[in-house]
Amino acid sequence: MASPLLSRAALRRPSSLRALTATSSQCQWARYSSSFRPTGNQRFGARTFGLLAVAVASGAGALWAYPRLVGEPQKNNNAPLEAAEIVYEKPRKKAANKEERRDLVSPQHVQVKRSWEHPGVYAWGSNAGKVVAPDSSETVVKTPRRIPYFDDQLLRDLKLDRDFGAAVTEKGDLVQWGVGFSKDTLTPTVTLKGKDLSKVAVSRDRIIALSSNGSVYSIPVAKSDQESGEKPTTKSSWLPFWSSDASISYRSLTPTNLTWGEKVVDVKSGLDHCLLLTSKGRVFSAASSSEEFPSKGQLGVPGLTWHTRPAGPYDQPHEVKALSNIKAIAAGAFHSLALDNQGRAFSFGDNSTGQLGFETEVGASIDKPSPLPVQKLYSGTNLVPKVTSIAAGGQNSYFTVDATKTQGQGAQEVGRTVADTWACGVGIHGGLGTGKWTHVSAVPTKIKALSNLYEYDEAADRITPIRLTQLAVGSTHACAILDNLTHLTASASGSDTDTNFGADVLWWGGNEHYQLGTGRRNHVNVPVYISPLDGRRGVAESSGGGEPQRFQVTPRTTVRLGEGGKGRKASVEQRIECGRFVTAVYSGA
């Protein structure tokens, strides 16, 4: 099958023009969107087939009626014919101005506009913990719904669990909600202020928060534990000799042996462990739960257990000395991933479902970082692979690869890059995205719907691969944001068809609590689109004349927020968070 290809200019044309600019071999976008966005030839073919079907049906009806009209005597031939009722189509509402006409042409344009006019948080999935809809008694929320507390707010970060939520405001304060935080306080509440937080990660019962200066805090999820636990003494930044107790209980997890100028720049957490990445490319791991000490090798320190741990706090950070020059980290429920600056990926921890990318044994775990066998995946090809990103969640791992051709049929093939996405782990809920339902993956499998995608860059006059900008992974489901062409500069002086559009998002995996947002409860084992935010449909479908309606997110750009762009100026982007049976999209500062 020819590689999916779409002209950048074609994306900016109305569908009627796009059909003329795309050939059937070029517009087979099915590998990433033609399930809901037919190419020009496919639209024409479907329309032609429909006309033929009507003609055949009419012909069949005439043949069936022919004996009655010709061969059979008619009773009461002089009876007057019943007058047919003529039904006139109601006139459509005309768009009052150019912006309204753009809204009618493109649902994607509407999504971009709303993300700037009314930033906030949309959530869906399980509501058993009052996280998705704090003010509702519903047990599930089937499609994206706004959380009113965050209306018109930008957030630095957001993490969701079925029983609790944690967000970092634009000012760097921590906000919590859900029954895991408090059964009596359902409204999101600021719990930790003045720490200038930038990121958070969540474990089974604690929040791991990173400040802008590199300090790391481990905070109990439950409000009762925050109030009753030991509160550290903090010094005033204004009065050097003045100190006081913190307002809530928390612990410090910042490594003590950092070098001059080195600080923690990222945090990730599983159910019982967390990973800390420093600005010098070093990785530290620590216990991140009060309930259980990590016991499946996910700390990456050979031989480290509850009984062999060194003296000191149980959650003290330990350096993972087998790793160096690391640029990205990821954590599943009981396993860990790391990516170095040479494009090599490492995994360690629980491997009971093959989530480490190796052949598995029942109950197997690896406590030392081991390189993923990426080279073997491209054995026998003319491609040299390099891992570009990693992601993990639950019992699954994902990684993207840029594979460069070293030989080809022509000189133009040499040096061409193929962008692929791979998955490993459990697939019984469809989490592998391969179209198969499997309990265990012995080796990584390619997600074909997210691999070998291309588009034509008119400015550079060349074909470029479509990569992923983000992989968000929950406990049983996942989504991918594509790095496809976006357009955010539609101007007042442009044409009616000069519309904004964002980045496409595809979803797959477990859907037992409607966390995919399809409006249905069945699991999905291949990536699919869903309807736009504030949409009434489930799985994406055509709006019946305009652009296909599908969920997109708006990439980072600097705009004026509010109605008509009359508010404050800010740099904002939409991000997606997949948690345990819940999903959210939020406006990121």
# chains A, B, ... in the order shown; residues from 1 in each chain; ligands from 1
>>> residues_around(residues="region 276-288 of chain A", least_positions_apart="5", cutoff="9 Å", atoms="only C-alpha atoms", output="VMD selection string")
chain A and resid 202 to 208 214 216 218 253 to 255 258 to 259 261 to 271 293 to 294 298 to 301 314 to 321 323 to 329 338 340 to 341
>>> select_by_dssp(residues="region 242-399 of chain A", states="strand (DSSP E)", output="PDB file with N, CA and C atoms, in the first residue's frame")
ATOM      1  N   SER A 243      11.379  31.400  60.674  1.00  0.00           N
ATOM      2  CA  SER A 243      10.913  30.126  60.135  1.00  0.00           C
ATOM      3  C   SER A 243       9.566  29.774  60.750  1.00  0.00           C
ATOM      4  N   SER A 244       8.856  28.893  60.054  1.00  0.00           N
ATOM      5  CA  SER A 244       7.542  28.468  60.532  1.00  0.00           C
ATOM      6  C   SER A 244       7.219  27.098  59.958  1.00  0.00           C
ATOM      7  N   ASP A 245       6.216  26.447  60.535  1.00  0.00           N
ATOM      8  CA  ASP A 245       5.796  25.148  60.039  1.00  0.00           C
ATOM      9  C   ASP A 245       4.985  25.313  58.754  1.00  0.00           C
ATOM     10  N   ARG A 251       7.109  15.624  52.296  1.00  0.00           N
ATOM     11  CA  ARG A 251       8.496  15.192  52.462  1.00  0.00           C
ATOM     12  C   ARG A 251       9.317  15.671  51.283  1.00  0.00           C
ATOM     13  N   SER A 252      10.612  15.884  51.500  1.00  0.00           N
ATOM     14  CA  SER A 252      11.503  16.294  50.429  1.00  0.00           C
ATOM     15  C   SER A 252      12.177  15.063  49.818  1.00  0.00           C
ATOM     16  N   VAL A 264      17.023  18.843  39.453  1.00  0.00           N
ATOM     17  CA  VAL A 264      16.023  17.928  38.888  1.00  0.00           C
ATOM     18  C   VAL A 264      15.141  18.709  37.913  1.00  0.00           C
ATOM     19  N   VAL A 265      14.938  18.147  36.704  1.00  0.00           N
ATOM     20  CA  VAL A 265      14.166  18.840  35.676  1.00  0.00           C
ATOM     21  C   VAL A 265      12.914  18.069  35.252  1.00  0.00           C
ATOM     22  N   ASP A 266      12.762  16.818  35.706  1.00  0.00           N
ATOM     23  CA  ASP A 266      11.565  16.060  35.345  1.00  0.00           C
ATOM     24  C   ASP A 266      11.287  14.989  36.392  1.00  0.00           C
ATOM     25  N   VAL A 267      10.009  14.651  36.557  1.00  0.00           N
ATOM     26  CA  VAL A 267       9.608  13.592  37.484  1.00  0.00           C
ATOM     27  C   VAL A 267       8.543  12.735  36.812  1.00  0.00           C
ATOM     28  N   LYS A 268       8.606  11.428  37.041  1.00  0.00           N
ATOM     29  CA  LYS A 268       7.589  10.496  36.578  1.00  0.00           C
ATOM     30  C   LYS A 268       7.340   9.502  37.705  1.00  0.00           C
ATOM     31  N   SER A 269       6.125   8.940  37.773  1.00  0.00           N
ATOM     32  CA  SER A 269       5.818   8.039  38.878  1.00  0.00           C
ATOM     33  C   SER A 269       4.945   6.878  38.437  1.00  0.00           C
ATOM     34  N   HIS A 273       6.764   3.714  42.794  1.00  0.00           N
ATOM     35  CA  HIS A 273       8.104   4.285  42.595  1.00  0.00           C
ATOM     36  C   HIS A 273       8.031   5.530  41.736  1.00  0.00           C
ATOM     37  N   CYS A 274       9.089   6.344  41.830  1.00  0.00           N
ATOM     38  CA  CYS A 274       9.187   7.512  40.970  1.00  0.00           C
ATOM     39  C   CYS A 274      10.603   7.627  40.425  1.00  0.00           C
ATOM     40  N   LEU A 275      10.728   8.324  39.300  1.00  0.00           N
ATOM     41  CA  LEU A 275      12.013   8.598  38.659  1.00  0.00           C
ATOM     42  C   LEU A 275      12.243  10.091  38.631  1.00  0.00           C
ATOM     43  N   LEU A 276      13.483  10.507  38.882  1.00  0.00           N
ATOM     44  CA  LEU A 276      13.877  11.908  38.830  1.00  0.00           C
ATOM     45  C   LEU A 276      14.983  12.057  37.802  1.00  0.00           C
ATOM     46  N   LEU A 277      14.835  12.998  36.881  1.00  0.00           N
ATOM     47  CA  LEU A 277      15.844  13.263  35.855  1.00  0.00           C
ATOM     48  C   LEU A 277      16.493  14.606  36.138  1.00  0.00           C
ATOM     49  N   THR A 278      17.832  14.659  36.103  1.00  0.00           N
ATOM     50  CA  THR A 278      18.535  15.901  36.393  1.00  0.00           C
ATOM     51  C   THR A 278      19.002  16.574  35.110  1.00  0.00           C
ATOM     52  N   VAL A 283      19.837   9.916  36.435  1.00  0.00           N
ATOM     53  CA  VAL A 283      18.515   9.445  36.852  1.00  0.00           C
ATOM     54  C   VAL A 283      18.590   8.938  38.283  1.00  0.00           C
ATOM     55  N   PHE A 284      17.626   9.356  39.101  1.00  0.00           N
ATOM     56  CA  PHE A 284      17.475   8.870  40.468  1.00  0.00           C
ATOM     57  C   PHE A 284      16.094   8.230  40.592  1.00  0.00           C
ATOM     58  N   SER A 285      15.983   7.256  41.466  1.00  0.00           N
ATOM     59  CA  SER A 285      14.690   6.606  41.704  1.00  0.00           C
ATOM     60  C   SER A 285      14.425   6.575  43.201  1.00  0.00           C
ATOM     61  N   ALA A 286      13.148   6.503  43.565  1.00  0.00           N
ATOM     62  CA  ALA A 286      12.771   6.506  44.986  1.00  0.00           C
ATOM     63  C   ALA A 286      11.401   5.870  45.144  1.00  0.00           C
ATOM     64  N   ALA A 287      11.116   5.436  46.358  1.00  0.00           N
ATOM     65  CA  ALA A 287       9.765   4.967  46.685  1.00  0.00           C
ATOM     66  C   ALA A 287       8.829   6.170  46.677  1.00  0.00           C
ATOM     67  N   HIS A 318      17.800   7.176  45.076  1.00  0.00           N
ATOM     68  CA  HIS A 318      18.979   6.359  44.782  1.00  0.00           C
ATOM     69  C   HIS A 318      19.379   6.608  43.330  1.00  0.00           C
ATOM     70  N   GLU A 319      20.660   6.834  43.085  1.00  0.00           N
ATOM     71  CA  GLU A 319      21.091   7.053  41.714  1.00  0.00           C
ATOM     72  C   GLU A 319      21.073   5.742  40.934  1.00  0.00           C
ATOM     73  N   ILE A 326      20.965  10.802  29.961  1.00  0.00           N
ATOM     74  CA  ILE A 326      19.555  10.531  29.707  1.00  0.00           C
ATOM     75  C   ILE A 326      18.827  11.839  29.423  1.00  0.00           C
ATOM     76  N   LYS A 327      17.907  11.806  28.446  1.00  0.00           N
ATOM     77  CA  LYS A 327      17.138  13.016  28.114  1.00  0.00           C
ATOM     78  C   LYS A 327      15.646  12.858  28.339  1.00  0.00           C
ATOM     79  N   ALA A 328      15.170  11.645  28.611  1.00  0.00           N
ATOM     80  CA  ALA A 328      13.742  11.440  28.868  1.00  0.00           C
ATOM     81  C   ALA A 328      13.540  10.214  29.742  1.00  0.00           C
ATOM     82  N   ILE A 329      12.512  10.253  30.595  1.00  0.00           N
ATOM     83  CA  ILE A 329      12.174   9.142  31.470  1.00  0.00           C
ATOM     84  C   ILE A 329      10.673   8.867  31.361  1.00  0.00           C
ATOM     85  N   ALA A 330      10.266   7.642  31.714  1.00  0.00           N
ATOM     86  CA  ALA A 330       8.850   7.276  31.717  1.00  0.00           C
ATOM     87  C   ALA A 330       8.650   6.172  32.738  1.00  0.00           C
ATOM     88  N   ALA A 331       7.448   6.103  33.303  1.00  0.00           N
ATOM     89  CA  ALA A 331       7.161   5.105  34.332  1.00  0.00           C
ATOM     90  C   ALA A 331       5.783   4.504  34.109  1.00  0.00           C
ATOM     91  N   HIS A 335       7.126  -0.533  36.193  1.00  0.00           N
ATOM     92  CA  HIS A 335       8.327  -0.604  35.360  1.00  0.00           C
ATOM     93  C   HIS A 335       8.762   0.791  34.941  1.00  0.00           C
ATOM     94  N   SER A 336       9.973   0.895  34.412  1.00  0.00           N
ATOM     95  CA  SER A 336      10.563   2.193  34.095  1.00  0.00           C
ATOM     96  C   SER A 336      11.229   2.156  32.730  1.00  0.00           C
ATOM     97  N   LEU A 337      11.287   3.323  32.084  1.00  0.00           N
ATOM     98  CA  LEU A 337      11.966   3.490  30.803  1.00  0.00           C
ATOM     99  C   LEU A 337      12.866   4.717  30.873  1.00  0.00           C
ATOM    100  N   ALA A 338      13.932   4.701  30.093  1.00  0.00           N
ATOM    101  CA  ALA A 338      14.829   5.857  29.987  1.00  0.00           C
ATOM    102  C   ALA A 338      15.357   5.930  28.563  1.00  0.00           C
ATOM    103  N   LEU A 339      15.576   7.139  28.068  1.00  0.00           N
ATOM    104  CA  LEU A 339      16.076   7.373  26.707  1.00  0.00           C
ATOM    105  C   LEU A 339      17.290   8.280  26.778  1.00  0.00           C
ATOM    106  N   ASP A 340      18.411   7.842  26.157  1.00  0.00           N
ATOM    107  CA  ASP A 340      19.616   8.673  26.212  1.00  0.00           C
ATOM    108  C   ASP A 340      19.734   9.532  24.962  1.00  0.00           C
ATOM    109  N   ALA A 345      17.115   3.296  24.066  1.00  0.00           N
ATOM    110  CA  ALA A 345      16.110   3.204  25.126  1.00  0.00           C
ATOM    111  C   ALA A 345      16.451   2.057  26.061  1.00  0.00           C
ATOM    112  N   PHE A 346      16.206   2.257  27.357  1.00  0.00           N
ATOM    113  CA  PHE A 346      16.490   1.257  28.389  1.00  0.00           C
ATOM    114  C   PHE A 346      15.210   1.007  29.185  1.00  0.00           C
ATOM    115  N   SER A 347      15.059  -0.227  29.663  1.00  0.00           N
ATOM    116  CA  SER A 347      13.876  -0.572  30.452  1.00  0.00           C
ATOM    117  C   SER A 347      14.280  -1.444  31.627  1.00  0.00           C
ATOM    118  N   PHE A 348      13.498  -1.375  32.709  1.00  0.00           N
ATOM    119  CA  PHE A 348      13.748  -2.196  33.883  1.00  0.00           C
ATOM    120  C   PHE A 348      12.494  -2.240  34.744  1.00  0.00           C
ATOM    121  N   GLY A 349      12.383  -3.304  35.542  1.00  0.00           N
ATOM    122  CA  GLY A 349      11.211  -3.479  36.395  1.00  0.00           C
ATOM    123  C   GLY A 349      10.419  -4.713  36.026  1.00  0.00           C
ATOM    124  N   ASP A 350       9.128  -4.653  36.255  1.00  0.00           N
ATOM    125  CA  ASP A 350       8.225  -5.784  35.997  1.00  0.00           C
ATOM    126  C   ASP A 350       8.134  -6.060  34.501  1.00  0.00           C
ATOM    127  N   SER A 365      11.071 -10.180  36.356  1.00  0.00           N
ATOM    128  CA  SER A 365      11.387  -8.766  36.513  1.00  0.00           C
ATOM    129  C   SER A 365      12.879  -8.584  36.326  1.00  0.00           C
ATOM    130  N   ILE A 366      13.277  -7.378  35.930  1.00  0.00           N
ATOM    131  CA  ILE A 366      14.684  -7.055  35.685  1.00  0.00           C
ATOM    132  C   ILE A 366      15.015  -5.812  36.490  1.00  0.00           C
ATOM    133  N   ASP A 367      16.000  -5.900  37.387  1.00  0.00           N
ATOM    134  CA  ASP A 367      16.308  -4.762  38.261  1.00  0.00           C
ATOM    135  C   ASP A 367      17.493  -3.933  37.778  1.00  0.00           C
ATOM    136  N   LYS A 368      18.005  -4.223  36.585  1.00  0.00           N
ATOM    137  CA  LYS A 368      19.088  -3.433  36.014  1.00  0.00           C
ATOM    138  C   LYS A 368      18.659  -2.919  34.642  1.00  0.00           C
ATOM    139  N   PRO A 369      18.848  -1.631  34.358  1.00  0.00           N
ATOM    140  CA  PRO A 369      18.462  -1.100  33.047  1.00  0.00           C
ATOM    141  C   PRO A 369      19.113  -1.883  31.913  1.00  0.00           C
ATOM    142  N   SER A 370      18.285  -2.315  30.972  1.00  0.00           N
ATOM    143  CA  SER A 370      18.754  -3.090  29.823  1.00  0.00           C
ATOM    144  C   SER A 370      18.276  -2.425  28.549  1.00  0.00           C
ATOM    145  N   PRO A 371      19.121  -2.375  27.507  1.00  0.00           N
ATOM    146  CA  PRO A 371      18.725  -1.700  26.261  1.00  0.00           C
ATOM    147  C   PRO A 371      17.627  -2.455  25.532  1.00  0.00           C
ATOM    148  N   LEU A 383      17.400  -0.018   6.998  1.00  0.00           N
ATOM    149  CA  LEU A 383      17.065   1.074   7.892  1.00  0.00           C
ATOM    150  C   LEU A 383      17.916   1.045   9.156  1.00  0.00           C
ATOM    151  N   VAL A 384      18.401   2.206   9.552  1.00  0.00           N
ATOM    152  CA  VAL A 384      19.148   2.353  10.802  1.00  0.00           C
ATOM    153  C   VAL A 384      18.240   3.076  11.798  1.00  0.00           C
ATOM    154  N   PRO A 385      17.795   2.394  12.876  1.00  0.00           N
ATOM    155  CA  PRO A 385      16.816   2.990  13.793  1.00  0.00           C
ATOM    156  C   PRO A 385      17.444   3.816  14.907  1.00  0.00           C
ATOM    157  N   LYS A 386      16.675   4.789  15.358  1.00  0.00           N
ATOM    158  CA  LYS A 386      17.058   5.617  16.490  1.00  0.00           C
ATOM    159  C   LYS A 386      15.786   5.978  17.254  1.00  0.00           C
ATOM    160  N   VAL A 387      15.724   5.654  18.543  1.00  0.00           N
ATOM    161  CA  VAL A 387      14.533   5.940  19.347  1.00  0.00           C
ATOM    162  C   VAL A 387      14.453   7.444  19.601  1.00  0.00           C
ATOM    163  N   THR A 388      13.273   8.018  19.378  1.00  0.00           N
ATOM    164  CA  THR A 388      13.100   9.460  19.522  1.00  0.00           C
ATOM    165  C   THR A 388      12.245   9.862  20.723  1.00  0.00           C
ATOM    166  N   SER A 389      11.383   8.970  21.217  1.00  0.00           N
ATOM    167  CA  SER A 389      10.582   9.276  22.398  1.00  0.00           C
ATOM    168  C   SER A 389      10.107   7.995  23.058  1.00  0.00           C
ATOM    169  N   ILE A 390       9.746   8.097  24.348  1.00  0.00           N
ATOM    170  CA  ILE A 390       9.269   6.950  25.114  1.00  0.00           C
ATOM    171  C   ILE A 390       8.042   7.357  25.919  1.00  0.00           C
ATOM    172  N   ALA A 391       7.218   6.375  26.258  1.00  0.00           N
ATOM    173  CA  ALA A 391       6.038   6.616  27.101  1.00  0.00           C
ATOM    174  C   ALA A 391       5.662   5.301  27.756  1.00  0.00           C
ATOM    175  N   ALA A 392       5.034   5.383  28.917  1.00  0.00           N
ATOM    176  CA  ALA A 392       4.627   4.177  29.645  1.00  0.00           C
ATOM    177  C   ALA A 392       3.431   4.478  30.516  1.00  0.00           C
ATOM    178  N   GLY A 393       2.691   3.425  30.814  1.00  0.00           N
ATOM    179  CA  GLY A 393       1.542   3.535  31.705  1.00  0.00           C
ATOM    180  C   GLY A 393       0.960   2.158  31.931  1.00  0.00           C
ATOM    181  N   ASN A 396       2.056  -1.251  30.008  1.00  0.00           N
ATOM    182  CA  ASN A 396       2.413  -1.034  28.612  1.00  0.00           C
ATOM    183  C   ASN A 396       3.545  -0.035  28.464  1.00  0.00           C
ATOM    184  N   SER A 397       4.303  -0.207  27.383  1.00  0.00           N
ATOM    185  CA  SER A 397       5.364   0.725  27.015  1.00  0.00           C
ATOM    186  C   SER A 397       5.227   1.068  25.539  1.00  0.00           C
ATOM    187  N   TYR A 398       5.617   2.282  25.187  1.00  0.00           N
ATOM    188  CA  TYR A 398       5.558   2.744  23.805  1.00  0.00           C
ATOM    189  C   TYR A 398       6.841   3.515  23.496  1.00  0.00           C
ATOM    190  N   PHE A 399       7.293   3.420  22.265  1.00  0.00           N
ATOM    191  CA  PHE A 399       8.437   4.232  21.857  1.00  0.00           C
ATOM    192  C   PHE A 399       8.344   4.500  20.361  1.00  0.00           C
TER     193      PHE A 399
END
>>> residues_around(residues="Gln153 (chain A)", least_positions_apart="5", cutoff="8 Å", atoms="only C-alpha atoms", output="ChimeraX atom specification")
/A:119-120,169-170,587
>>> residues_around(residues="region 550-562 of chain A", least_positions_apart="4", cutoff="6 Å", atoms="only C-alpha atoms", output="compact mmCIF listing (two decimals) with N, CA and C atoms, in the first residue's frame")
# COMPACT_ATOMS: atom_id res chain seq x y z
N VAL A 112 -10.28 25.41 17.55
CA VAL A 112 -9.14 26.29 17.81
C VAL A 112 -9.61 27.59 18.45
N TRP A 116 -8.93 29.25 22.59
CA TRP A 116 -8.37 30.56 22.93
C TRP A 116 -9.38 31.43 23.67
N GLU A 117 -10.63 31.34 23.28
CA GLU A 117 -11.65 32.18 23.91
C GLU A 117 -12.01 31.69 25.31
N GLY A 502 -6.01 22.36 14.13
CA GLY A 502 -4.97 21.92 15.05
C GLY A 502 -4.38 20.56 14.70
N ALA A 503 -3.84 19.90 15.70
CA ALA A 503 -3.19 18.60 15.52
C ALA A 503 -4.18 17.48 15.79
N ASP A 504 -4.12 16.44 14.97
CA ASP A 504 -5.04 15.32 15.12
C ASP A 504 -4.63 14.44 16.30
N VAL A 505 -5.63 13.82 16.91
CA VAL A 505 -5.44 12.95 18.07
C VAL A 505 -6.16 11.63 17.81
N ILE A 530 -12.16 10.57 17.71
CA ILE A 530 -13.41 10.80 18.41
C ILE A 530 -13.92 12.18 18.01
N SER A 531 -15.13 12.50 18.44
CA SER A 531 -15.74 13.77 18.06
C SER A 531 -15.08 14.95 18.76
N PRO A 532 -15.31 16.16 18.26
CA PRO A 532 -14.67 17.35 18.85
C PRO A 532 -15.14 17.62 20.27
N ALA A 540 -15.79 9.83 15.61
CA ALA A 540 -15.89 10.94 14.68
C ALA A 540 -16.59 10.55 13.39
N LYS A 566 -9.69 39.81 23.10
CA LYS A 566 -9.57 41.09 23.80
C LYS A 566 -8.96 40.94 25.19
N GLY A 567 -8.58 39.70 25.57
CA GLY A 567 -8.02 39.50 26.90
C GLY A 567 -6.51 39.63 26.93
N ARG A 568 -5.92 39.07 27.96
CA ARG A 568 -4.48 39.19 28.13
C ARG A 568 -3.72 38.32 27.12
N LYS A 569 -2.50 38.69 26.86
CA LYS A 569 -1.66 37.96 25.93
C LYS A 569 -0.96 36.82 26.67
N ALA A 570 -0.97 35.63 26.07
CA ALA A 570 -0.38 34.46 26.74
C ALA A 570 0.07 33.43 25.71
N SER A 571 1.07 32.66 26.10
CA SER A 571 1.51 31.51 25.31
C SER A 571 0.77 30.29 25.85
N VAL A 572 0.01 29.60 25.00
CA VAL A 572 -0.86 28.53 25.48
C VAL A 572 -0.89 27.38 24.48
N GLU A 573 -1.09 26.18 24.97
CA GLU A 573 -1.27 25.00 24.13
C GLU A 573 -2.23 24.05 24.84
N GLN A 574 -2.88 23.19 24.10
CA GLN A 574 -3.72 22.16 24.69
C GLN A 574 -2.92 20.88 24.85
>>> atom_distance(atom1="CA of Ser441 (chain A)", atom2="CA of Leu304 (chain A)")
27.4 Å
>>> residues_around(residues="Thr404 (chain A)", least_positions_apart="6", cutoff="12 Å", atoms="only C-alpha atoms", output="list in words")
Tyr378, Thr381, Asn382, Leu383, Val384, Pro385, Lys386, Val387, Glu413, Val414, Gly415, Arg416, Thr417, Val418, Ala419, Asp420, Asn452 and Pro465 of chain A
>>> write_last_selection(atoms="N, CA and C atoms", output="PDB file, in the first residue's frame")
ATOM      1  N   TYR A 378      14.615  -4.064  13.136  1.00  0.00           N
ATOM      2  CA  TYR A 378      14.878  -3.626  11.761  1.00  0.00           C
ATOM      3  C   TYR A 378      15.923  -4.506  11.081  1.00  0.00           C
ATOM      4  N   THR A 381      16.651  -5.102   7.027  1.00  0.00           N
ATOM      5  CA  THR A 381      16.188  -3.954   6.240  1.00  0.00           C
ATOM      6  C   THR A 381      17.375  -3.032   5.968  1.00  0.00           C
ATOM      7  N   ASN A 382      17.137  -2.022   5.169  1.00  0.00           N
ATOM      8  CA  ASN A 382      18.166  -1.008   4.910  1.00  0.00           C
ATOM      9  C   ASN A 382      17.960   0.213   5.796  1.00  0.00           C
ATOM     10  N   LEU A 383      17.400  -0.018   6.998  1.00  0.00           N
ATOM     11  CA  LEU A 383      17.065   1.074   7.892  1.00  0.00           C
ATOM     12  C   LEU A 383      17.916   1.045   9.156  1.00  0.00           C
ATOM     13  N   VAL A 384      18.401   2.206   9.552  1.00  0.00           N
ATOM     14  CA  VAL A 384      19.148   2.353  10.802  1.00  0.00           C
ATOM     15  C   VAL A 384      18.240   3.076  11.798  1.00  0.00           C
ATOM     16  N   PRO A 385      17.795   2.394  12.876  1.00  0.00           N
ATOM     17  CA  PRO A 385      16.816   2.990  13.793  1.00  0.00           C
ATOM     18  C   PRO A 385      17.444   3.816  14.907  1.00  0.00           C
ATOM     19  N   LYS A 386      16.675   4.789  15.358  1.00  0.00           N
ATOM     20  CA  LYS A 386      17.058   5.617  16.490  1.00  0.00           C
ATOM     21  C   LYS A 386      15.786   5.978  17.254  1.00  0.00           C
ATOM     22  N   VAL A 387      15.724   5.654  18.543  1.00  0.00           N
ATOM     23  CA  VAL A 387      14.533   5.940  19.347  1.00  0.00           C
ATOM     24  C   VAL A 387      14.453   7.444  19.601  1.00  0.00           C
ATOM     25  N   GLU A 413      16.078   7.785  -2.379  1.00  0.00           N
ATOM     26  CA  GLU A 413      15.659   6.966  -1.262  1.00  0.00           C
ATOM     27  C   GLU A 413      16.680   6.977  -0.133  1.00  0.00           C
ATOM     28  N   VAL A 414      17.949   7.135  -0.463  1.00  0.00           N
ATOM     29  CA  VAL A 414      19.001   7.116   0.547  1.00  0.00           C
ATOM     30  C   VAL A 414      18.849   8.336   1.463  1.00  0.00           C
ATOM     31  N   GLY A 415      18.829   8.079   2.768  1.00  0.00           N
ATOM     32  CA  GLY A 415      18.681   9.158   3.729  1.00  0.00           C
ATOM     33  C   GLY A 415      17.246   9.483   4.081  1.00  0.00           C
ATOM     34  N   ARG A 416      16.309   8.836   3.427  1.00  0.00           N
ATOM     35  CA  ARG A 416      14.892   9.079   3.739  1.00  0.00           C
ATOM     36  C   ARG A 416      14.561   8.469   5.093  1.00  0.00           C
ATOM     37  N   THR A 417      13.745   9.177   5.876  1.00  0.00           N
ATOM     38  CA  THR A 417      13.424   8.746   7.233  1.00  0.00           C
ATOM     39  C   THR A 417      12.022   8.153   7.292  1.00  0.00           C
ATOM     40  N   VAL A 418      11.922   7.020   7.968  1.00  0.00           N
ATOM     41  CA  VAL A 418      10.638   6.389   8.253  1.00  0.00           C
ATOM     42  C   VAL A 418      10.371   6.562   9.744  1.00  0.00           C
ATOM     43  N   ALA A 419       9.229   7.135  10.106  1.00  0.00           N
ATOM     44  CA  ALA A 419       8.877   7.346  11.508  1.00  0.00           C
ATOM     45  C   ALA A 419       7.877   6.272  11.933  1.00  0.00           C
ATOM     46  N   ASP A 420       8.247   5.443  12.908  1.00  0.00           N
ATOM     47  CA  ASP A 420       7.417   4.335  13.364  1.00  0.00           C
ATOM     48  C   ASP A 420       7.079   4.472  14.844  1.00  0.00           C
ATOM     49  N   ASN A 452       4.941   5.089   9.436  1.00  0.00           N
ATOM     50  CA  ASN A 452       5.145   5.268   7.996  1.00  0.00           C
ATOM     51  C   ASN A 452       4.148   6.268   7.401  1.00  0.00           C
ATOM     52  N   PRO A 465       8.119  13.016   6.973  1.00  0.00           N
ATOM     53  CA  PRO A 465       7.370  12.060   7.806  1.00  0.00           C
ATOM     54  C   PRO A 465       6.523  12.776   8.846  1.00  0.00           C
TER      55      PRO A 465
END
>>> residues_around(residues="region 222-227 of chain A", least_positions_apart="2", cutoff="12 Å", atoms="only C-alpha atoms", output="ChimeraX atom specification")
/A:163-166,175-186,188-192,204-207,218-220,229-232,245-251,290
>>> residues_around(residues="Asp196 (chain A)", least_positions_apart="5", cutoff="9 Å", atoms="only C-alpha atoms", output="VMD selection string")
chain A and resid 171 to 173 210 to 213
>>> select_by_dssp(residues="region 141-387 of chain A", states="helix (DSSP H, G or I)", output="PyMOL selection string")
chain A and resi 148-150+223-228+374-377
>>> atom_distance(atom1="CA of Lys142 (chain A)", atom2="CA of Leu516 (chain A)")
8.4 Å
